[in-house]
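**Q** Submitted below is the structure of interest, expressed as C-alpha cells.
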Amino acid sequence: MTVRAFARREWGPLYATVRDALVTRKWRAIPLTLGAVCLTAVFQPAQQYSWGYGPVRTIGFVRAEDPLWVALLRTPLSLFVPALDLPVWGALAQILLVFGVAEICLGRWRTLVVAYVSTLAGTTYARIGIAVGPDHLGGVIGVPAADAQVVDTGPSAAVVGLAVVVCVCFRAWFTAALVVLAMVAEVLVKNNLAGKEHLAAIAAVLVVCAVSALPRRRARQRSVMAGRSGAPPMRSCIFRRGRSQRRSWR
C-alpha cells in the first residue's frame, strides 16, 4: 500500500468532513471551539498573576483533596484552565485543533459530553489512585498521597478523549493507536498523575464507544439471522454526526 493510499484510507473521510464544514460555514462551524479558545486565553494568563490566581483557582482548579461536590462544580470550567507550566499557545493550539475537529465531526453537544466524561474520568481516577496508594500493584494504579494537591489536567484529558473518539468514529485505527501509545509512553517516562489521568480518559471513552455500539450491532445481527437483505450498515460510533461519509481525499 502506498503512502497516499494509506493516508486516503486513514484520514480521507475525516479530512473531507472537516474541509466541507469549513468551506461552507467557515468559523460558524466551530462556535464551541472558539468560545473554549477565548476562555482559555483569559484563564491561562490570569492565573499567572496574583490578582487572577485566586479567582481562577476558586472556579477552575480541581484537586483530589477537594470535596467531591466542589470538584464536580469546578469540573466544567476546569476544562479551560491548563497547567500553569504549559505555554498558552500550546493549550490554545490543542483546543483549536482537537475541539474544532470534534465539533465538526461529532456535533456541539456530543463534543461537550465526551470532553466532560474524559475530564471526569481523570478526576475520578485521581481519587481512586490516591486511595490505592503507590505500594499496591507495583504502583501501576496507585499514586502518592501528595498528588492529592496536584491540579487536574485541565483541557488535556478532554483533548485526548476527543481525539480517540473521533478516530474510532472515522475508523482511523492507526491514529487512534498512536494516541494511546503516546499516552502509555508518557506514563512510562514520567509516571505522574497527569499521564495516568489521560489513560483513564481514554479507557472511559472507549467504554462509552463500545457500549453505544452494542444496540446497533445486536440489531444488525438480528436482521442477518432473520434473513433480511439490504440492512443498512452499522455506523462505527453513535457519537458520529450525520450520515457516514466516504468521500475521497483529493
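Chain labels A, B, ... are given in the sequence in which chains occur in the C-alpha cells; within each chain residues are numbered consecutively from 1, and ligands are likewise numbered from 1 in the order shown.
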With the cut-off set at 10 Å and counting only C-alpha atoms, tabulate each residue of range 143-225 of chain A with an atom at most that distance from an atom of range 102-126 of chain A, showing the nearest atom pair and its distance in Å to one decimal, ordered by chain and increasing number, as JSON lines.

**A**
```
{"residue": "A:Val143", "atom": "CA", "partner": "A:Ala126", "partner_atom": "CA", "distance": 7.9}
{"residue": "A:Ala145", "atom": "CA", "partner": "A:Ala126", "partner_atom": "CA", "distance": 10.0}
{"residue": "A:Asp147", "atom": "CA", "partner": "A:Ala126", "partner_atom": "CA", "distance": 8.0}
{"residue": "A:Ala148", "atom": "CA", "partner": "A:Ala126", "partner_atom": "CA", "distance": 7.5}
{"residue": "A:Val150", "atom": "CA", "partner": "A:Ala126", "partner_atom": "CA", "distance": 9.4}
{"residue": "A:Val151", "atom": "CA", "partner": "A:Thr123", "partner_atom": "CA", "distance": 9.6}
{"residue": "A:Asp152", "atom": "CA", "partner": "A:Thr123", "partner_atom": "CA", "distance": 6.7}
{"residue": "A:Thr153", "atom": "CA", "partner": "A:Gly122", "partner_atom": "CA", "distance": 7.9}
{"residue": "A:Gly154", "atom": "CA", "partner": "A:Thr119", "partner_atom": "CA", "distance": 7.6}
{"residue": "A:Pro155", "atom": "CA", "partner": "A:Thr119", "partner_atom": "CA", "distance": 7.7}
{"residue": "A:Ser156", "atom": "CA", "partner": "A:Thr119", "partner_atom": "CA", "distance": 8.4}
{"residue": "A:Ala157", "atom": "CA", "partner": "A:Thr119", "partner_atom": "CA", "distance": 5.5}
{"residue": "A:Ala158", "atom": "CA", "partner": "A:Ala115", "partner_atom": "CA", "distance": 4.3}
{"residue": "A:Val159", "atom": "CA", "partner": "A:Ala115", "partner_atom": "CA", "distance": 7.2}
{"residue": "A:Val160", "atom": "CA", "partner": "A:Ser118", "partner_atom": "CA", "distance": 8.0}
{"residue": "A:Gly161", "atom": "CA", "partner": "A:Ser118", "partner_atom": "CA", "distance": 5.5}
{"residue": "A:Leu162", "atom": "CA", "partner": "A:Val114", "partner_atom": "CA", "distance": 6.3}
{"residue": "A:Ala163", "atom": "CA", "partner": "A:Ala102", "partner_atom": "CA", "distance": 7.5}
{"residue": "A:Val165", "atom": "CA", "partner": "A:Val114", "partner_atom": "CA", "distance": 8.0}
{"residue": "A:Val166", "atom": "CA", "partner": "A:Ala102", "partner_atom": "CA", "distance": 6.3}
{"residue": "A:Cys167", "atom": "CA", "partner": "A:Ala102", "partner_atom": "CA", "distance": 9.8}
{"residue": "A:Cys169", "atom": "CA", "partner": "A:Leu106", "partner_atom": "CA", "distance": 8.7}
{"residue": "A:Phe170", "atom": "CA", "partner": "A:Cys105", "partner_atom": "CA", "distance": 9.0}
{"residue": "A:Leu193", "atom": "CA", "partner": "A:Ala126", "partner_atom": "CA", "distance": 7.1}
{"residue": "A:Ala194", "atom": "CA", "partner": "A:Gly122", "partner_atom": "CA", "distance": 8.2}
{"residue": "A:Gly195", "atom": "CA", "partner": "A:Gly122", "partner_atom": "CA", "distance": 9.5}
{"residue": "A:Lys196", "atom": "CA", "partner": "A:Gly122", "partner_atom": "CA", "distance": 7.7}
{"residue": "A:Glu197", "atom": "CA", "partner": "A:Gly122", "partner_atom": "CA", "distance": 4.2}
{"residue": "A:His198", "atom": "CA", "partner": "A:Gly122", "partner_atom": "CA", "distance": 6.5}
{"residue": "A:Leu199", "atom": "CA", "partner": "A:Gly122", "partner_atom": "CA", "distance": 8.0}
{"residue": "A:Ala200", "atom": "CA", "partner": "A:Gly122", "partner_atom": "CA", "distance": 5.5}
{"residue": "A:Ala201", "atom": "CA", "partner": "A:Ser118", "partner_atom": "CA", "distance": 4.3}
{"residue": "A:Ile202", "atom": "CA", "partner": "A:Ser118", "partner_atom": "CA", "distance": 7.2}
{"residue": "A:Ala203", "atom": "CA", "partner": "A:Ala121", "partner_atom": "CA", "distance": 8.5}
{"residue": "A:Ala204", "atom": "CA", "partner": "A:Ala121", "partner_atom": "CA", "distance": 6.3}
{"residue": "A:Val205", "atom": "CA", "partner": "A:Ser118", "partner_atom": "CA", "distance": 6.6}
{"residue": "A:Val208", "atom": "CA", "partner": "A:Val114", "partner_atom": "CA", "distance": 9.0}
```

**Q** Find the spatial neighbours of Leu73 in chain A, counting only C-alpha atoms, within a cut-off of 9 Å - ignore same-chain residues fewer than 5 positions away - and output them as a PyMOL selection string.

**A** chain A and resi 59-60+68

**Q** Go through A:Pro45, A:Trp69, A:Ile130, A:Gly52 and flag the residue nearest Trp89 in chain A, using only C-alpha atoms for the distances.

**A**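 Counting only C-alpha atoms, the residue closest to Trp89 in chain A is A:Pro45.
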
**Q** What is the CA of Arg127 in chain A to CA of Pro144 in chain A distance in Å?

**A**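 Going from CA of Arg127 in chain A over to CA of Pro144 in chain A covers 10.8 Å.
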
**Q** Considering only C-alpha atoms, can you say which of A:Glu65, A:Val3, A:Gly133, A:Val164 comes closest to Leu178 in chain A?

**A**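 Using only C-alpha atoms, the shortest distance to Leu178 in chain A belongs to A:Val164.
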
**Q** Which one is closest to Leu92 in chain A: A:Pro215, A:Gly142, A:Gly54, A:Gly35? Count only C-alpha atoms.

**A**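 Comparing A:Pro215, A:Gly142, A:Gly54, A:Gly35 against Leu92 in chain A, the winner is A:Gly35.
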
**Q** Please identify which residues in range 30-184 of chain A DSSP calls helix (DSSP H, G or I) from the backbone, and express them as a VMD selection string.

**A** chain A and resid 31 to 46 50 to 60 68 to 78 88 to 106 108 to 132 137 to 139 145 to 149 155 to 169 173 to 184

**Q** Could you write out that same residue set with C-alpha atoms as a compact mmCIF listing (two decimals), in the first residue's frame?

**A**
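Dumped everything to part.txt:
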```
# COMPACT_ATOMS: atom_id res chain seq x y z
CA PRO A 31 -18.61 28.27 17.81
CA LEU A 32 -18.00 26.00 20.82
CA THR A 33 -14.32 25.71 19.95
CA LEU A 34 -13.92 29.46 19.56
CA GLY A 35 -15.59 30.01 22.93
CA ALA A 36 -13.27 27.44 24.53
CA VAL A 37 -10.23 29.14 23.00
CA CYS A 38 -11.36 32.52 24.32
CA LEU A 39 -11.94 31.17 27.83
CA THR A 40 -8.53 29.50 27.87
CA ALA A 41 -6.91 32.65 26.53
CA VAL A 42 -8.37 34.52 29.52
CA PHE A 43 -7.80 31.93 32.26
CA GLN A 44 -4.23 30.92 31.37
CA PRO A 45 -2.65 34.40 31.59
CA ALA A 46 -4.88 35.43 34.51
CA SER A 50 -1.71 37.36 41.99
CA TRP A 51 -4.93 39.19 41.13
CA GLY A 52 -6.14 36.38 38.90
CA TYR A 53 -4.78 33.26 40.56
CA GLY A 54 -7.32 33.27 43.40
CA PRO A 55 -10.46 33.63 41.25
CA VAL A 56 -9.25 31.10 38.68
CA ARG A 57 -8.37 28.65 41.44
CA THR A 58 -11.82 29.08 43.01
CA ILE A 59 -13.77 28.37 39.84
CA GLY A 60 -11.49 26.07 37.87
CA LEU A 68 -16.41 15.73 45.68
CA TRP A 69 -19.24 18.24 45.29
CA VAL A 70 -16.73 21.07 44.91
CA ALA A 71 -14.79 19.12 42.29
CA LEU A 72 -17.96 18.42 40.32
CA LEU A 73 -18.93 22.09 40.37
CA ARG A 74 -15.50 23.16 39.16
CA THR A 75 -15.03 20.43 36.55
CA PRO A 76 -16.84 22.17 33.64
CA LEU A 77 -14.64 25.27 33.84
CA SER A 78 -11.53 23.22 34.67
CA VAL A 88 -0.59 29.38 26.49
CA TRP A 89 -0.04 28.84 22.77
CA GLY A 90 0.23 25.09 23.38
CA ALA A 91 -3.11 24.93 25.18
CA LEU A 92 -4.80 27.12 22.57
CA ALA A 93 -3.44 25.03 19.70
CA GLN A 94 -4.66 21.80 21.31
CA ILE A 95 -8.14 23.15 21.87
CA LEU A 96 -8.46 24.82 18.46
CA LEU A 97 -7.37 21.73 16.56
CA VAL A 98 -8.94 18.86 18.52
CA PHE A 99 -12.08 20.61 19.78
CA GLY A 100 -12.61 22.10 16.32
CA VAL A 101 -12.37 18.76 14.52
CA ALA A 102 -14.56 17.10 17.15
CA GLU A 103 -17.21 19.82 16.99
CA ILE A 104 -17.48 19.45 13.23
CA CYS A 105 -17.46 15.66 13.23
CA LEU A 106 -19.42 14.85 16.38
CA ARG A 108 -21.51 20.51 19.67
CA TRP A 109 -23.32 18.61 22.40
CA ARG A 110 -21.59 15.31 21.75
CA THR A 111 -18.26 17.11 21.94
CA LEU A 112 -19.21 18.58 25.30
CA VAL A 113 -20.33 15.18 26.59
CA VAL A 114 -17.12 13.44 25.54
CA ALA A 115 -14.97 16.25 26.93
CA TYR A 116 -16.80 16.18 30.27
CA VAL A 117 -16.69 12.38 30.54
CA SER A 118 -12.96 12.39 29.79
CA THR A 119 -12.21 15.06 32.39
CA LEU A 120 -14.48 13.44 34.98
CA ALA A 121 -12.78 10.08 34.39
CA GLY A 122 -9.40 11.63 35.13
CA THR A 123 -10.73 13.33 38.26
CA THR A 124 -12.29 10.08 39.47
CA TYR A 125 -9.11 8.14 38.80
CA ALA A 126 -7.07 10.60 40.87
CA ARG A 127 -9.21 9.86 43.92
CA ILE A 128 -9.05 6.11 43.34
CA GLY A 129 -5.31 6.13 42.71
CA ILE A 130 -4.60 8.07 45.90
CA ALA A 131 -6.85 5.71 47.89
CA VAL A 132 -4.99 2.68 46.47
CA LEU A 137 0.14 -3.47 42.16
CA GLY A 138 3.63 -2.15 41.59
CA GLY A 139 2.43 1.43 41.50
CA ALA A 145 -0.85 10.81 48.66
CA ALA A 146 0.96 14.06 47.84
CA ASP A 147 -0.73 14.03 44.43
CA ALA A 148 -3.98 14.94 46.18
CA GLN A 149 -2.76 18.55 45.98
CA PRO A 155 -8.15 20.54 28.84
CA SER A 156 -5.58 17.83 28.08
CA ALA A 157 -7.71 14.88 29.27
CA ALA A 158 -10.63 16.19 27.20
CA VAL A 159 -8.34 16.65 24.19
CA VAL A 160 -7.07 13.07 24.44
CA GLY A 161 -10.57 11.66 24.88
CA LEU A 162 -11.98 13.63 21.94
CA ALA A 163 -9.07 12.61 19.70
CA VAL A 164 -9.67 8.93 20.41
CA VAL A 165 -13.44 9.16 19.88
CA VAL A 166 -13.06 10.97 16.55
CA CYS A 167 -10.53 8.38 15.37
CA VAL A 168 -12.80 5.50 16.40
CA CYS A 169 -15.87 7.03 14.77
CA TRP A 173 -7.41 2.97 13.76
CA PHE A 174 -3.70 3.69 13.23
CA THR A 175 -4.05 7.24 14.51
CA ALA A 176 -6.09 6.07 17.49
CA ALA A 177 -3.38 3.52 18.32
CA LEU A 178 -0.72 6.25 18.09
CA VAL A 179 -2.63 8.43 20.56
CA VAL A 180 -2.97 5.55 23.01
CA LEU A 181 0.68 4.53 22.66
CA ALA A 182 1.78 8.14 23.17
CA MET A 183 -0.15 8.31 26.44
CA VAL A 184 1.29 4.97 27.58
```

**Q** Just give me the gap between CA of Val211 in chain A and CA of Arg171 in chain A in Å, one decimal is fine.

**A**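 CA of Arg171 in chain A lies at a distance of 16.6 Å from CA of Val211 in chain A.
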
**Q** Would you compute the distance between CA of Ala210 in chain A and CA of Lys190 in chain A? Give it in Å to one decimal.

**A**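 Answer for the CA of Ala210 in chain A to CA of Lys190 in chain A separation: 29.4 Å.
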
**Q** A:Ala21, A:Ile141, A:Gly12, A:Ala213: which is nearest Val187 in chain A, counting only C-alpha atoms?

**A**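 The closest residue to Val187 in chain A is A:Ile141.
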